[in-house]
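The file final21.cif contains mmCIF, N, CA, C and O atoms:
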```
data_entry
#
loop_
_atom_site.label_atom_id
_atom_site.label_comp_id
_atom_site.auth_asym_id
_atom_site.auth_seq_id
_atom_site.Cartn_x
_atom_site.Cartn_y
_atom_site.Cartn_z
N MET A 1 25.69 -11.98 6.68
CA MET A 1 24.95 -12.83 5.77
C MET A 1 23.63 -12.15 5.39
O MET A 1 22.98 -11.54 6.21
N ALA A 2 23.29 -12.31 4.15
CA ALA A 2 22.04 -11.73 3.66
C ALA A 2 20.86 -12.60 4.09
O ALA A 2 20.97 -13.82 4.15
N GLN A 3 19.76 -11.95 4.40
CA GLN A 3 18.58 -12.70 4.78
C GLN A 3 17.82 -13.15 3.54
O GLN A 3 17.81 -12.47 2.52
N LYS A 4 17.20 -14.31 3.65
CA LYS A 4 16.39 -14.83 2.56
C LYS A 4 15.08 -14.04 2.51
O LYS A 4 14.46 -13.81 3.55
N PRO A 5 14.66 -13.60 1.32
CA PRO A 5 13.38 -12.87 1.23
C PRO A 5 12.22 -13.73 1.73
O PRO A 5 12.17 -14.92 1.46
N LYS A 6 11.31 -13.10 2.44
CA LYS A 6 10.19 -13.83 3.03
C LYS A 6 8.97 -13.76 2.10
O LYS A 6 8.62 -12.69 1.63
N THR A 7 8.37 -14.91 1.83
CA THR A 7 7.16 -14.92 1.01
C THR A 7 5.94 -14.75 1.90
O THR A 7 5.96 -15.08 3.07
N ARG A 8 4.89 -14.19 1.30
CA ARG A 8 3.63 -14.00 2.00
C ARG A 8 2.53 -14.67 1.20
O ARG A 8 2.69 -14.95 0.02
N LYS A 9 1.39 -14.91 1.84
CA LYS A 9 0.26 -15.52 1.15
C LYS A 9 -0.70 -14.45 0.67
O LYS A 9 -1.01 -13.52 1.42
N PHE A 10 -1.16 -14.61 -0.57
CA PHE A 10 -2.10 -13.67 -1.17
C PHE A 10 -3.26 -14.45 -1.76
O PHE A 10 -3.11 -15.61 -2.15
N GLU A 11 -4.41 -13.80 -1.82
CA GLU A 11 -5.56 -14.35 -2.54
C GLU A 11 -5.83 -13.39 -3.71
O GLU A 11 -6.02 -12.19 -3.51
N VAL A 12 -5.80 -13.95 -4.91
CA VAL A 12 -5.98 -13.16 -6.12
C VAL A 12 -7.38 -13.43 -6.67
O VAL A 12 -7.75 -14.58 -6.91
N PHE A 13 -8.16 -12.37 -6.85
CA PHE A 13 -9.51 -12.47 -7.40
C PHE A 13 -9.45 -12.07 -8.87
O PHE A 13 -8.89 -11.02 -9.20
N TYR A 14 -10.03 -12.90 -9.73
CA TYR A 14 -9.98 -12.62 -11.17
C TYR A 14 -11.22 -13.15 -11.86
O TYR A 14 -12.00 -13.90 -11.30
N ARG A 15 -11.40 -12.72 -13.11
CA ARG A 15 -12.51 -13.18 -13.95
C ARG A 15 -11.94 -13.77 -15.23
O ARG A 15 -11.03 -13.21 -15.82
N ASP A 16 -12.52 -14.89 -15.64
CA ASP A 16 -12.16 -15.53 -16.90
C ASP A 16 -12.95 -14.85 -18.00
O ASP A 16 -14.14 -14.61 -17.85
N ALA A 17 -12.31 -14.54 -19.12
CA ALA A 17 -13.00 -13.85 -20.23
C ALA A 17 -14.12 -14.70 -20.82
O ALA A 17 -15.09 -14.18 -21.35
N ARG A 18 -14.01 -16.04 -20.68
CA ARG A 18 -15.06 -16.91 -21.21
C ARG A 18 -16.31 -16.89 -20.34
O ARG A 18 -17.41 -17.11 -20.82
N TYR A 19 -16.14 -16.63 -19.03
CA TYR A 19 -17.26 -16.59 -18.07
C TYR A 19 -17.15 -15.30 -17.26
O TYR A 19 -16.79 -15.33 -16.07
N PRO A 20 -17.45 -14.14 -17.84
CA PRO A 20 -17.17 -12.86 -17.18
C PRO A 20 -17.99 -12.57 -15.92
O PRO A 20 -17.61 -11.74 -15.11
N LYS A 21 -19.10 -13.26 -15.72
CA LYS A 21 -19.92 -12.97 -14.54
C LYS A 21 -19.48 -13.76 -13.31
O LYS A 21 -19.94 -13.51 -12.21
N THR A 22 -18.57 -14.71 -13.50
CA THR A 22 -18.11 -15.56 -12.40
C THR A 22 -16.80 -15.02 -11.84
O THR A 22 -15.80 -14.95 -12.55
N LEU A 23 -16.79 -14.66 -10.56
CA LEU A 23 -15.58 -14.20 -9.89
C LEU A 23 -14.86 -15.42 -9.32
O LEU A 23 -15.43 -16.17 -8.53
N LEU A 24 -13.62 -15.60 -9.73
CA LEU A 24 -12.82 -16.73 -9.27
C LEU A 24 -11.71 -16.22 -8.36
O LEU A 24 -11.36 -15.04 -8.39
N SER A 25 -11.15 -17.11 -7.55
CA SER A 25 -10.04 -16.72 -6.70
C SER A 25 -9.08 -17.89 -6.54
O SER A 25 -9.46 -19.05 -6.69
N ILE A 26 -7.83 -17.55 -6.27
CA ILE A 26 -6.80 -18.55 -6.03
C ILE A 26 -5.85 -18.01 -4.96
O ILE A 26 -5.61 -16.81 -4.90
N GLN A 27 -5.37 -18.90 -4.11
CA GLN A 27 -4.40 -18.50 -3.10
C GLN A 27 -3.01 -18.85 -3.61
O GLN A 27 -2.80 -19.92 -4.17
N ILE A 28 -2.09 -17.93 -3.42
CA ILE A 28 -0.74 -18.11 -3.93
C ILE A 28 0.27 -17.50 -2.96
O ILE A 28 -0.06 -16.57 -2.24
N GLU A 29 1.47 -18.05 -2.94
CA GLU A 29 2.53 -17.54 -2.08
C GLU A 29 3.52 -16.78 -2.97
O GLU A 29 4.01 -17.32 -3.96
N ALA A 30 3.78 -15.52 -2.62
CA ALA A 30 4.68 -14.68 -3.42
C ALA A 30 5.37 -13.66 -2.52
O ALA A 30 5.02 -13.51 -1.35
N PHE A 31 6.34 -12.95 -3.10
CA PHE A 31 7.07 -11.94 -2.34
C PHE A 31 6.27 -10.66 -2.16
O PHE A 31 6.41 -9.97 -1.16
N ASN A 32 5.43 -10.30 -3.16
CA ASN A 32 4.65 -9.07 -3.09
C ASN A 32 3.40 -9.21 -3.96
O ASN A 32 3.30 -10.19 -4.72
N PRO A 33 2.45 -8.28 -3.87
CA PRO A 33 1.22 -8.39 -4.65
C PRO A 33 1.44 -8.42 -6.16
O PRO A 33 0.74 -9.12 -6.89
N THR A 34 2.42 -7.68 -6.64
CA THR A 34 2.70 -7.65 -8.08
C THR A 34 3.17 -9.02 -8.56
O THR A 34 2.77 -9.48 -9.64
N ALA A 35 4.01 -9.67 -7.78
CA ALA A 35 4.49 -11.01 -8.14
C ALA A 35 3.34 -12.01 -8.13
O ALA A 35 3.28 -12.92 -8.96
N ALA A 36 2.40 -11.86 -7.19
CA ALA A 36 1.24 -12.74 -7.13
C ALA A 36 0.37 -12.58 -8.37
O ALA A 36 -0.07 -13.56 -8.98
N ARG A 37 0.14 -11.33 -8.78
CA ARG A 37 -0.65 -11.06 -10.00
C ARG A 37 0.04 -11.66 -11.22
O ARG A 37 -0.60 -12.28 -12.08
N GLY A 38 1.34 -11.48 -11.30
CA GLY A 38 2.10 -11.99 -12.44
C GLY A 38 2.07 -13.50 -12.53
O GLY A 38 1.94 -14.06 -13.63
N ALA A 39 2.16 -14.17 -11.39
CA ALA A 39 2.14 -15.64 -11.38
C ALA A 39 0.79 -16.17 -11.85
O ALA A 39 0.73 -17.13 -12.63
N VAL A 40 -0.30 -15.56 -11.40
CA VAL A 40 -1.63 -15.99 -11.81
C VAL A 40 -1.84 -15.73 -13.30
O VAL A 40 -2.32 -16.59 -14.04
N ARG A 41 -1.43 -14.55 -13.75
CA ARG A 41 -1.58 -14.22 -15.17
C ARG A 41 -0.72 -15.15 -16.04
O ARG A 41 -1.13 -15.59 -17.11
N TRP A 42 0.48 -15.46 -15.58
CA TRP A 42 1.39 -16.34 -16.32
C TRP A 42 0.76 -17.73 -16.49
O TRP A 42 0.77 -18.29 -17.59
N ASP A 43 0.21 -18.28 -15.42
CA ASP A 43 -0.42 -19.60 -15.50
C ASP A 43 -1.60 -19.59 -16.46
O ASP A 43 -1.80 -20.53 -17.22
N ALA A 44 -2.40 -18.53 -16.42
CA ALA A 44 -3.57 -18.45 -17.30
C ALA A 44 -3.14 -18.32 -18.76
O ALA A 44 -3.68 -19.00 -19.64
N CYS A 45 -2.17 -17.46 -19.04
CA CYS A 45 -1.71 -17.25 -20.41
C CYS A 45 -1.05 -18.51 -20.97
O CYS A 45 -1.17 -18.80 -22.15
N ARG A 46 -0.35 -19.23 -20.11
CA ARG A 46 0.29 -20.47 -20.55
C ARG A 46 -0.75 -21.47 -21.04
O ARG A 46 -0.51 -22.22 -21.98
N ASP A 47 -1.94 -21.44 -20.42
CA ASP A 47 -3.03 -22.33 -20.82
C ASP A 47 -3.92 -21.70 -21.91
O ASP A 47 -4.91 -22.29 -22.31
N GLY A 48 -3.58 -20.49 -22.36
CA GLY A 48 -4.34 -19.84 -23.41
C GLY A 48 -5.64 -19.21 -22.94
O GLY A 48 -6.57 -19.04 -23.72
N ILE A 49 -5.71 -18.82 -21.66
CA ILE A 49 -6.93 -18.24 -21.11
C ILE A 49 -6.71 -16.75 -20.85
O ILE A 49 -5.70 -16.35 -20.26
N ASP A 50 -7.64 -15.93 -21.30
CA ASP A 50 -7.57 -14.49 -21.07
C ASP A 50 -8.30 -14.18 -19.76
O ASP A 50 -9.46 -14.54 -19.60
N ILE A 51 -7.62 -13.52 -18.81
CA ILE A 51 -8.24 -13.20 -17.53
C ILE A 51 -8.13 -11.71 -17.25
O ILE A 51 -7.32 -11.01 -17.83
N SER A 52 -8.98 -11.26 -16.32
CA SER A 52 -8.96 -9.89 -15.83
C SER A 52 -8.85 -9.96 -14.31
O SER A 52 -9.74 -10.49 -13.64
N ILE A 53 -7.75 -9.46 -13.76
CA ILE A 53 -7.53 -9.53 -12.32
C ILE A 53 -8.23 -8.36 -11.64
O ILE A 53 -8.01 -7.20 -11.99
N SER A 54 -9.08 -8.68 -10.65
CA SER A 54 -9.84 -7.65 -9.95
C SER A 54 -9.05 -7.05 -8.80
O SER A 54 -8.90 -5.84 -8.70
N LYS A 55 -8.56 -7.91 -7.89
CA LYS A 55 -7.80 -7.38 -6.76
C LYS A 55 -6.94 -8.49 -6.14
O LYS A 55 -7.16 -9.67 -6.37
N VAL A 56 -5.97 -8.05 -5.34
CA VAL A 56 -5.08 -8.96 -4.62
C VAL A 56 -5.16 -8.60 -3.15
O VAL A 56 -5.00 -7.44 -2.78
N VAL A 57 -5.43 -9.60 -2.30
CA VAL A 57 -5.57 -9.38 -0.87
C VAL A 57 -4.55 -10.25 -0.14
O VAL A 57 -4.43 -11.43 -0.42
N GLU A 58 -3.82 -9.63 0.79
CA GLU A 58 -2.87 -10.41 1.58
C GLU A 58 -3.62 -11.16 2.67
O GLU A 58 -4.49 -10.61 3.33
N ILE A 59 -3.27 -12.43 2.84
CA ILE A 59 -3.90 -13.26 3.87
C ILE A 59 -3.04 -13.15 5.13
O ILE A 59 -1.88 -13.53 5.14
N LYS A 60 -3.63 -12.58 6.16
CA LYS A 60 -2.91 -12.43 7.44
C LYS A 60 -3.18 -13.66 8.30
O LYS A 60 -4.34 -14.05 8.47
N GLU A 61 -2.13 -14.24 8.83
CA GLU A 61 -2.29 -15.40 9.71
C GLU A 61 -2.25 -14.93 11.15
O GLU A 61 -1.35 -14.21 11.56
N GLU A 62 -3.25 -15.35 11.88
CA GLU A 62 -3.33 -15.01 13.29
C GLU A 62 -2.47 -15.99 14.10
O GLU A 62 -2.56 -17.20 13.91
N SER A 63 -1.63 -15.47 14.98
CA SER A 63 -0.80 -16.34 15.81
C SER A 63 -1.56 -16.65 17.09
O SER A 63 -2.03 -15.76 17.80
N ALA A 64 -1.69 -17.94 17.38
CA ALA A 64 -2.41 -18.37 18.59
C ALA A 64 -1.41 -18.51 19.73
O ALA A 64 -0.91 -19.59 20.00
N ALA A 65 -1.11 -17.41 20.39
CA ALA A 65 -0.13 -17.45 21.48
C ALA A 65 -0.78 -17.24 22.80
O ALA A 65 -1.77 -16.68 22.98
#
```

structure tokens encoding of this file:
Amino acid sequence: MAQKPKTRKFEVFYRDARYPKTLLSIQIEAFNPTAARGAVRWDACRDGIDISISKVVEIKEESAA
């Protein structure tokens, strides 16, 4: 049986073209950093907002064992 692909959590930092000095961020769950960037850009373009993505950081969860 094939394994289901595992999603990871990412934080995407971006700037809105209307407010270029303000750095914004959003947390998103995706398979890889490219998919996370695409999802954020897709949501912004759907709303008619031009954005510039600065970086994508994976959120590592610490296991309390």

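Distance annotation: of A:Ser52, A:Arg46, A:Val40, A:Phe10, the residue with the minimal separation from Thr22 in chain A is A:Ser52; atom set is all atoms listed in the file.
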
Quiz item: Contacts of range 29-36 of chain A at 7 Å or less, counting only C-alpha atoms, minus same-chain residues fewer than 5 places along, as a list in words?
Solution: Lys6, Thr7, Arg8, Lys9, Phe10 and Val56 of chain A

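Near Ile49 in chain A, within a cut-off of 8 Å and counting all atoms listed in the file, sit the residues Arg15, Asp16, Ala17, Arg18, Val40, Arg41, Trp42, Asp43, Ala44, Cys45, Arg46, Asp47, Ile51 and Ser52 of chain A, with same-chain residues fewer than 2 positions away left out.
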
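All residues in chain A with a DSSP state of helix (DSSP H, G or I), computed from the backbone, read Pro33, Thr34, Ala35, Ala36, Arg37, Gly38, Ala39, Val40, Arg41, Trp42, Asp43, Ala44, Cys45 and Arg46 of chain A.
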
Store the residues picked out above, limited to N, CA, C and O atoms, as a compact mmCIF listing (two decimals), in the coordinates of the input.
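Full text of part.txt as output:
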```
# COMPACT_ATOMS: atom_id res chain seq x y z
N PRO A 33 2.45 -8.28 -3.87
CA PRO A 33 1.22 -8.39 -4.65
C PRO A 33 1.44 -8.42 -6.16
O PRO A 33 0.74 -9.12 -6.89
N THR A 34 2.42 -7.68 -6.64
CA THR A 34 2.70 -7.65 -8.08
C THR A 34 3.17 -9.02 -8.56
O THR A 34 2.77 -9.48 -9.64
N ALA A 35 4.01 -9.67 -7.78
CA ALA A 35 4.49 -11.01 -8.14
C ALA A 35 3.34 -12.01 -8.13
O ALA A 35 3.28 -12.92 -8.96
N ALA A 36 2.40 -11.86 -7.19
CA ALA A 36 1.24 -12.74 -7.13
C ALA A 36 0.37 -12.58 -8.37
O ALA A 36 -0.07 -13.56 -8.98
N ARG A 37 0.14 -11.33 -8.78
CA ARG A 37 -0.65 -11.06 -10.00
C ARG A 37 0.04 -11.66 -11.22
O ARG A 37 -0.60 -12.28 -12.08
N GLY A 38 1.34 -11.48 -11.30
CA GLY A 38 2.10 -11.99 -12.44
C GLY A 38 2.07 -13.50 -12.53
O GLY A 38 1.94 -14.06 -13.63
N ALA A 39 2.16 -14.17 -11.39
CA ALA A 39 2.14 -15.64 -11.38
C ALA A 39 0.79 -16.17 -11.85
O ALA A 39 0.73 -17.13 -12.63
N VAL A 40 -0.30 -15.56 -11.40
CA VAL A 40 -1.63 -15.99 -11.81
C VAL A 40 -1.84 -15.73 -13.30
O VAL A 40 -2.32 -16.59 -14.04
N ARG A 41 -1.43 -14.55 -13.75
CA ARG A 41 -1.58 -14.22 -15.17
C ARG A 41 -0.72 -15.15 -16.04
O ARG A 41 -1.13 -15.59 -17.11
N TRP A 42 0.48 -15.46 -15.58
CA TRP A 42 1.39 -16.34 -16.32
C TRP A 42 0.76 -17.73 -16.49
O TRP A 42 0.77 -18.29 -17.59
N ASP A 43 0.21 -18.28 -15.42
CA ASP A 43 -0.42 -19.60 -15.50
C ASP A 43 -1.60 -19.59 -16.46
O ASP A 43 -1.80 -20.53 -17.22
N ALA A 44 -2.40 -18.53 -16.42
CA ALA A 44 -3.57 -18.45 -17.30
C ALA A 44 -3.14 -18.32 -18.76
O ALA A 44 -3.68 -19.00 -19.64
N CYS A 45 -2.17 -17.46 -19.04
CA CYS A 45 -1.71 -17.25 -20.41
C CYS A 45 -1.05 -18.51 -20.97
O CYS A 45 -1.17 -18.80 -22.15
N ARG A 46 -0.35 -19.23 -20.11
CA ARG A 46 0.29 -20.47 -20.55
C ARG A 46 -0.75 -21.47 -21.04
O ARG A 46 -0.51 -22.22 -21.98
```

Quiz item: atom O of Pro20 in chain A and atom O of Lys55 in chain A, how far apart in Å?
Solution: 13.8 Å

Quiz item: Do you have the atom C of Leu23 in chain A-atom N of Val57 in chain A distance handy?
Solution: 13.1 Å

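The space separating atom O of Glu58 in chain A from atom C of Val12 in chain A comes to 10.8 Å.
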
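Proximity ranking of A:Phe13, A:Tyr19, A:Ile28, A:Gln3 relative to Ile53 in chain A places A:Phe13 first, based on all atoms listed in the file.
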